[in-house]
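Undergrad: For reference, the structure I am asking about is given below.
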Amino acid sequence: MYKKGFTLQELLISMAIIGLIAAAIAPAINSIMPDKRKAMYMKAYNTLTNTTNEILSDPSLYFTKYYSTGEPLCSGLGCADLPVDYAPCNETDWKCQGTIFKFPKIFATKVNYVERTSPVPGSIISTNIKTIDGIDWTFKATKFSSTNTEFDVIVDVNYKNTNTKNKCTYNSSTCPNPDKFEFKIDNDGGITVIDPLGRAFLENPTEMNSIREDKVRAKKIEAGK
């Protein structure tokens with residue numbers, strides 16, 4: 001028995017219907033999928049906090065010198081001295097002395113880096129580090145003295161992604177899908193999360209919330225709610 005097949009017109013109509021259905025359900029599927037950047041963000045945040053605590057709690061790296069009166073000569077990240085036998089910082093062109101060099105360069109020796117760059121002459125960018133997990137770290141000294149040294153840290157959680165639309169920190173209208181997140185490290189090693197999306201991530205650090213839920217919360221934080 002002869003069976004009639006699909007005509008070209010019917011096939012095109014069917015494809016159009018399938019396309020409309022896919023377009024309609026794609027946003028819903030995307031809204032419930034966990035954001036991989038959150039996992040990378042949490043990894044970067046934990047690396048930053050744990051490594052900072054490890055460095056500052058090591059008396060061989062950040063030891064306090066005192067005046068003859070007993071008053072401390074320096075404190076926290078402002079203590080520029082470094083033991084001369086700290087081998088990772090004795091490599092050629094990788095000296096760690098100085099308040100704007102010491103902390104980020106020691107940080108590089110504590111992580112699995114694949115690339116690290118020394119500061120450009122005349123720049124206050126202390127150093128840039130790329131780690132094996134695809135994270136890029138840029139340390140910028142905003143204050144530097146023996147009593148008060150602070151850093152801004154820009155973390156690109158996916159530096160291998162070349163999409164320029166993602167190479168920015170979060171803004172709900174201009175950069176809703178960032179790869180970069182901003183932190184501040186104070187003189188005592190305290191870490192402040194600057195961007196709203198990062199703060200939204202940290203409110204539920206163990207739950208890989210949907211992209212939509214995190215962004216909704218980030219907008220509220222951005223608006224001061």
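Letters A, B, ... mark the chains of the structure tokens in the order given; residue numbers begin at 1 per chain; ligand numbers begin at 1, in order shown.
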Taking the backbone alone, and naming residues the way the document does, which bits of region 16-213 of chain A are strand (DSSP E or B) by DSSP, as a ChimeraX atom specification?

TA: /A:34,66,72,113-117,125-131,136-143,150-156,169,171,175,180-185,191-193,210

Undergrad: When you look at Asp188 (chain A) with a cut-off of 6 Å (counting only C-alpha atoms), what residues show up, excluding the ones that are within fewer than 2 positions of it in the same chain? I need them as a PyMOL selection string.

TA: chain A and resi 76+186+190

Undergrad: At a cut-off of 12 Å, can you tabulate as a Markdown table every residue of region 81-162 of chain A near region 194-210 of chain A together with its closest atom pair and the distance in Å to one decimal, using only C-alpha atoms and ordering rows by chain then number?

TA:
| residue | atom | partner | partner_atom | distance |
| --- | --- | --- | --- | --- |
| A:Asp152 | CA | A:Ile194 | CA | 9.6 |
| A:Val153 | CA | A:Ile194 | CA | 9.9 |
| A:Ile154 | CA | A:Ile194 | CA | 10.1 |
| A:Val155 | CA | A:Gly198 | CA | 11.0 |
| A:Val157 | CA | A:Gly198 | CA | 11.6 |

Undergrad: Could you please take those selected residues and save C-alpha atoms as a compact mmCIF listing (two decimals), in the first residue's frame?

TA:
# COMPACT_ATOMS: atom_id res chain seq x y z
CA ASP A 152 42.17 45.44 45.40
CA VAL A 153 42.01 41.99 43.82
CA ILE A 154 40.30 41.44 40.49
CA VAL A 155 39.62 37.75 39.89
CA VAL A 157 37.23 33.07 37.11

Undergrad: Could you tell me how far CA of Asn158 (chain A) lies from CA of Ala108 (chain A), in Å and to one decimal?

TA: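 CA of Asn158 (chain A) sits 17.7 Å away from CA of Ala108 (chain A).
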
Undergrad: Skipping near chain neighbours, those fewer than 2 positions away, what residues fall within 12 Å of Leu77 (chain A) using only C-alpha atoms, listed as a VMD selection string?

TA: chain A and resid 52 to 53 55 to 57 61 to 64 74 to 75 79 to 82 97 to 104 106 141 143 to 151 185 to 190

Undergrad: Have a look at CA of Ile211 (chain A) and CA of Arg37 (chain A) and let me know their distance in Å, one decimal.

TA: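 Computing it gives 9.5 Å between the two atoms.
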
Undergrad: Would you list the contacts of region 129-132 of chain A as an MDAnalysis selection string, taking every protein, DNA or RNA residue within 8 Å and counting only C-alpha atoms, but skipping same-chain residues closer than 4 positions in sequence?

TA: chainID A and resid 108 111:117 136:138

Undergrad: Neighbouring residues of Pro88 (chain A) were defined as those with any atom within 10 Å, considering only C-alpha atoms; residues of the same chain fewer than 4 positions away were excluded. Please report them as a list in words.

TA: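 Selected residues are Thr92, Trp94, Lys95, Cys96, Lys105, Ile106, Ala108, Thr109 and Lys110 of chain A.
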
Undergrad: Have a look at CA of Tyr159 (chain A) and CA of Ala223 (chain A) and let me know their distance in Å, one decimal.

TA: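 So the two atoms, CA of Tyr159 (chain A) and CA of Ala223 (chain A), lie 28.4 Å apart.
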
Undergrad: From a DSSP calculation on the backbone, collect every residue of region 69-202 of chain A in alpha helix (DSSP H) and output the set as a list in words.

TA: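 Answer for region 69-202 of chain A, restricted to alpha helix (DSSP H): Thr99, Ile100, Phe101, Lys102, Phe103, Pro104, Lys105, Ile106, Phe107, Ala108, Thr109, Lys110, Pro196, Leu197, Gly198, Arg199, Ala200, Phe201 and Leu202 of chain A.
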
Undergrad: Between A:Ala44, A:Ala87, A:Met15, A:Ala39, which is the closest to Phe181 (chain A) once you count only C-alpha atoms?

TA: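 Looking only at the distances to Phe181 (chain A), the closest residue turns out to be A:Ala44.
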
Undergrad: Rank A:Asn90, A:Asn46, A:Ser14, A:Thr7 by their smallest atom-to-atom distance to Ile191 (chain A), using only C-alpha atoms, and report the top residue only.

TA: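 Counting only C-alpha atoms, the residue closest to Ile191 (chain A) is A:Asn46.
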